[in-house]
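Chemist: The structure under discussion is supplied below as structure tokens; questions concerning it will follow.
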Amino acid sequence: ESERQAYDLVVAASSTTSQPATTMVQQLLAAGPHHVLIVRQPSPLPAKALVCVTGSEPGKEGVLFAGSLLHYLGAEATLLSILPPTVRDPEARARTEQFLADGARTLSTLNVQVETAVRTGPVLDAIVSHMTEGGHDLLMLGAPLGGENERLPLGRVVGQVLASQIQQPILIVRSRYSRNSQPPVTFDGRIKIIEEIRA
């Protein structure tokens, strides 16, 4: 289907009775240049998204996609960066805060209400805590850079999140840096819903 027409976003239901979510996400990322949204239970349209970013070029692309999608949904955003507990350099934290401030300005130009946060500690624990404390109903993460082979492991953080008990929808945002031959995908409203991926 993605060969017949380009899509921005694939939405797939995750079921405990079918293949693991990590396997399904790997297959979906391999099927085309789209982003992937995993929905684990019936949910209303998101009103407040937690957007996890790193201070990098792929992180900037994640912010841009988040902005276009959240503007379309009329949703709010929190930009979150998580520093390892071993990072004690004040300059590193300052750079992270500056990156988040720049991202917040980008989202504001798209009329997305946004706040920023920096946390320190294990990534999954920080995400779960912030999701709970902030009442977020959508989690956005960047896909690891997989080169031409999108079946490479999804990475520790994304793998942990997909294996966790987080019940809110999880959006995996792809970067153009993961496939040099593919342009970055922006959201313009075309969504393909896939109910099940078969081997």
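Ligands are numbered from 1 in the order shown, residues from 1 within each chain, and chains are lettered A, B, ... in the order they appear in the structure tokens.
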If you run DSSP on the backbone here, which positions in segment 17-185 of chain A get strand (DSSP E)? Please write them as a VMD selection string.

Modeler: chain A and resid 35 to 39 48 to 52 76 to 83 114 to 120 138 to 142 170 to 173

Chemist: For those residues, write N, CA, C and O atoms to a file as a short mmCIF file (atom, residue, chain, number, x, y, z; two decimals), in the first residue's frame.

Modeler:
```
data_model
loop_
_atom_site.label_atom_id
_atom_site.label_comp_id
_atom_site.auth_asym_id
_atom_site.auth_seq_id
_atom_site.Cartn_x
_atom_site.Cartn_y
_atom_site.Cartn_z
N HIS A 35 6.10 7.73 9.54
CA HIS A 35 6.22 7.58 10.98
C HIS A 35 5.22 6.52 11.43
O HIS A 35 4.33 6.12 10.67
N VAL A 36 5.36 6.05 12.68
CA VAL A 36 4.52 4.95 13.17
C VAL A 36 3.91 5.32 14.51
O VAL A 36 4.61 5.74 15.44
N LEU A 37 2.59 5.16 14.62
CA LEU A 37 1.86 5.40 15.86
C LEU A 37 1.28 4.08 16.36
O LEU A 37 0.50 3.44 15.66
N ILE A 38 1.69 3.67 17.57
CA ILE A 38 1.17 2.45 18.18
C ILE A 38 0.08 2.83 19.18
O ILE A 38 0.31 3.63 20.10
N VAL A 39 -1.11 2.25 19.00
CA VAL A 39 -2.24 2.52 19.88
C VAL A 39 -2.59 1.23 20.62
O VAL A 39 -2.88 0.22 19.98
N LYS A 48 -2.58 16.46 24.89
CA LYS A 48 -1.33 16.91 25.50
C LYS A 48 -0.26 15.86 25.25
O LYS A 48 -0.34 14.74 25.76
N ALA A 49 0.75 16.21 24.48
CA ALA A 49 1.78 15.26 24.08
C ALA A 49 3.08 15.50 24.83
O ALA A 49 3.46 16.65 25.06
N LEU A 50 3.74 14.40 25.19
CA LEU A 50 5.09 14.47 25.74
C LEU A 50 6.05 14.15 24.60
O LEU A 50 6.04 13.03 24.08
N VAL A 51 6.85 15.13 24.20
CA VAL A 51 7.76 14.98 23.07
C VAL A 51 9.18 14.86 23.61
O VAL A 51 9.75 15.83 24.11
N CYS A 52 9.75 13.66 23.53
CA CYS A 52 11.10 13.41 24.05
C CYS A 52 12.11 13.69 22.94
O CYS A 52 12.01 13.10 21.86
N GLU A 76 -1.59 20.41 23.02
CA GLU A 76 -0.46 21.04 23.69
C GLU A 76 0.74 20.09 23.67
O GLU A 76 0.60 18.90 23.37
N ALA A 77 1.91 20.63 24.04
CA ALA A 77 3.12 19.80 24.03
C ALA A 77 4.01 20.14 25.22
O ALA A 77 4.04 21.27 25.69
N THR A 78 4.72 19.13 25.68
CA THR A 78 5.84 19.32 26.59
C THR A 78 7.08 18.75 25.92
O THR A 78 7.08 17.57 25.54
N LEU A 79 8.10 19.57 25.74
CA LEU A 79 9.37 19.09 25.20
C LEU A 79 10.23 18.63 26.38
O LEU A 79 10.51 19.41 27.29
N LEU A 80 10.64 17.38 26.35
CA LEU A 80 11.40 16.79 27.45
C LEU A 80 12.72 16.25 26.96
O LEU A 80 12.79 15.51 25.98
N SER A 81 13.80 16.62 27.65
CA SER A 81 15.11 16.00 27.44
C SER A 81 15.54 15.36 28.75
O SER A 81 15.33 15.92 29.83
N ILE A 82 16.13 14.18 28.64
CA ILE A 82 16.54 13.43 29.82
C ILE A 82 18.05 13.25 29.77
O ILE A 82 18.59 12.68 28.82
N LEU A 83 18.72 13.75 30.79
CA LEU A 83 20.17 13.65 30.89
C LEU A 83 20.55 12.43 31.73
O LEU A 83 19.88 12.13 32.72
N VAL A 114 3.23 25.23 24.47
CA VAL A 114 4.34 24.33 24.80
C VAL A 114 5.01 24.74 26.10
O VAL A 114 5.06 25.92 26.45
N GLU A 115 5.51 23.74 26.82
CA GLU A 115 6.38 23.96 27.96
C GLU A 115 7.57 23.02 27.82
O GLU A 115 7.53 22.09 27.00
N THR A 116 8.64 23.28 28.56
CA THR A 116 9.84 22.46 28.45
C THR A 116 10.22 21.91 29.81
O THR A 116 9.85 22.44 30.85
N ALA A 117 10.99 20.81 29.78
CA ALA A 117 11.44 20.19 31.03
C ALA A 117 12.73 19.43 30.77
O ALA A 117 12.92 18.85 29.69
N VAL A 118 13.60 19.42 31.76
CA VAL A 118 14.83 18.61 31.74
C VAL A 118 14.80 17.73 32.98
O VAL A 118 14.58 18.22 34.09
N ARG A 119 15.01 16.44 32.76
CA ARG A 119 15.08 15.51 33.89
C ARG A 119 16.38 14.75 33.83
O ARG A 119 17.00 14.64 32.77
N THR A 120 16.77 14.20 34.96
CA THR A 120 18.00 13.41 35.06
C THR A 120 17.66 12.05 35.64
O THR A 120 16.86 11.95 36.57
N LEU A 138 -0.20 11.30 24.90
CA LEU A 138 0.54 10.86 23.72
C LEU A 138 2.03 10.99 24.03
O LEU A 138 2.46 12.00 24.58
N LEU A 139 2.79 9.96 23.67
CA LEU A 139 4.25 9.98 23.84
C LEU A 139 4.89 9.95 22.47
O LEU A 139 4.56 9.10 21.63
N MET A 140 5.82 10.88 22.22
CA MET A 140 6.53 10.94 20.94
C MET A 140 8.01 10.71 21.17
O MET A 140 8.62 11.37 22.02
N LEU A 141 8.59 9.76 20.41
CA LEU A 141 10.01 9.41 20.50
C LEU A 141 10.61 9.39 19.11
O LEU A 141 9.93 9.07 18.14
N GLY A 142 11.90 9.68 19.03
CA GLY A 142 12.60 9.57 17.76
C GLY A 142 13.03 8.14 17.50
O GLY A 142 13.45 7.43 18.42
N ILE A 170 1.87 5.67 21.41
CA ILE A 170 3.30 5.93 21.30
C ILE A 170 3.62 6.20 19.82
O ILE A 170 3.39 5.34 18.97
N LEU A 171 4.11 7.40 19.56
CA LEU A 171 4.44 7.79 18.19
C LEU A 171 5.95 7.73 18.00
O LEU A 171 6.71 8.39 18.70
N ILE A 172 6.40 6.92 17.04
CA ILE A 172 7.81 6.79 16.70
C ILE A 172 8.07 7.65 15.46
O ILE A 172 7.52 7.39 14.38
N VAL A 173 8.89 8.68 15.64
CA VAL A 173 9.15 9.66 14.57
C VAL A 173 10.47 9.32 13.89
O VAL A 173 11.51 9.26 14.53
#
```

Chemist: List every residue of segment 16-85 of chain A that DSSP, applied to the backbone of this structure, assigns to alpha helix (DSSP H), and report them as a ChimeraX atom specification.

Modeler: /A:21-30,57-73

Chemist: If you measure from atom CA of Gly62 of chain A to atom CA of Ala101 of chain A, what distance in Å do you get, rounded to one decimal?

Modeler: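 So the two atoms, atom CA of Gly62 of chain A and atom CA of Ala101 of chain A, lie 14.5 Å apart.
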
Chemist: To one decimal in Å, tell me the separation between atom CA of Ser2 of chain A and atom CA of Glu57 of chain A.

Modeler: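 The value is 26.2 Å.
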
Chemist: Would you please work out which residue, of A:Gln98, A:Gln168, A:Ser175, A:Gln26, is nearest to Leu45 of chain A when using only C-alpha atoms?

Modeler: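 For Leu45 of chain A, the nearest of the candidates is A:Gln168.
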
Chemist: Hey, which of A:Ala126, A:Val25, A:Val112, A:Ala6 ends up closest to Gly67 of chain A? Count only C-alpha atoms.

Modeler: A:Val112

Chemist: What gap, in Å, lies between atom CA of Pro44 of chain A and atom CA of Gly32 of chain A?

Modeler: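 A separation of 26.6 Å between them.
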
Chemist: Could you check which of A:Glu97, A:Asp125, A:Asp89, A:Asp8 is closest to Arg174 of chain A, using only C-alpha atoms?

Modeler: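 For Arg174 of chain A, the nearest of the given residues is A:Asp8.
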
Chemist: Could you tell me which of A:Leu110, A:Val53, A:Val10, A:Ile166 comes closest to Pro33 of chain A if we count only C-alpha atoms?

Modeler: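 The answer is A:Val10, which sits nearest to Pro33 of chain A.
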
Chemist: Which one is closest to Pro169 of chain A: A:Lys60, A:Arg88, A:Ala12, A:Leu100? Count only C-alpha atoms.

Modeler: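 For Pro169 of chain A, the nearest of the candidates is A:Ala12.
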
Chemist: Could you list, as a short mmCIF file (atom, residue, chain, number, x, y, z; two decimals) with all heavy atoms, in the first residue's frame, every residue within 9 Å of Gly74 of chain A, counting only C-alpha atoms and ignoring same-chain residues fewer than 4 positions away?

Modeler:
```cif
data_model
loop_
_atom_site.label_atom_id
_atom_site.label_comp_id
_atom_site.auth_asym_id
_atom_site.auth_seq_id
_atom_site.Cartn_x
_atom_site.Cartn_y
_atom_site.Cartn_z
N PRO A 46 -5.41 12.94 20.98
CA PRO A 46 -4.52 13.49 22.01
C PRO A 46 -4.75 14.99 22.22
O PRO A 46 -4.98 15.74 21.27
CB PRO A 46 -3.12 13.22 21.47
CG PRO A 46 -3.29 12.13 20.47
CD PRO A 46 -4.66 12.32 19.88
N ALA A 47 -4.65 15.40 23.50
CA ALA A 47 -4.77 16.81 23.84
C ALA A 47 -3.47 17.36 24.41
O ALA A 47 -3.26 18.56 24.41
CB ALA A 47 -5.90 17.03 24.84
N LEU A 69 1.94 18.13 13.50
CA LEU A 69 0.88 17.20 13.90
C LEU A 69 0.03 17.78 15.03
O LEU A 69 -1.20 17.74 15.00
CB LEU A 69 1.48 15.86 14.32
CG LEU A 69 0.49 14.81 14.85
CD1 LEU A 69 -0.56 14.49 13.80
CD2 LEU A 69 1.22 13.56 15.29
N LEU A 70 0.69 18.34 16.06
CA LEU A 70 -0.04 18.86 17.21
C LEU A 70 -0.85 20.10 16.84
O LEU A 70 -1.94 20.33 17.38
CB LEU A 70 0.92 19.16 18.36
CG LEU A 70 1.66 17.91 18.91
CD1 LEU A 70 2.66 18.32 19.98
CD2 LEU A 70 0.68 16.88 19.43
N ASN A 111 1.59 27.84 16.59
CA ASN A 111 0.43 28.00 17.47
C ASN A 111 0.18 26.78 18.34
O ASN A 111 -0.97 26.44 18.64
CB ASN A 111 -0.83 28.33 16.66
CG ASN A 111 -0.71 29.66 15.94
OD1 ASN A 111 -0.23 30.63 16.51
ND2 ASN A 111 -1.13 29.68 14.68
N VAL A 112 1.27 26.13 18.75
CA VAL A 112 1.17 25.01 19.69
C VAL A 112 1.60 25.51 21.07
O VAL A 112 2.71 26.05 21.22
CB VAL A 112 2.07 23.83 19.26
CG1 VAL A 112 2.05 22.72 20.32
CG2 VAL A 112 1.62 23.29 17.91
#
```

Chemist: Pick from A:Glu3, A:Val87, A:Thr23, A:Val63: nearest to Ser108 of chain A, with only C-alpha atoms counted?

Modeler: A:Val63
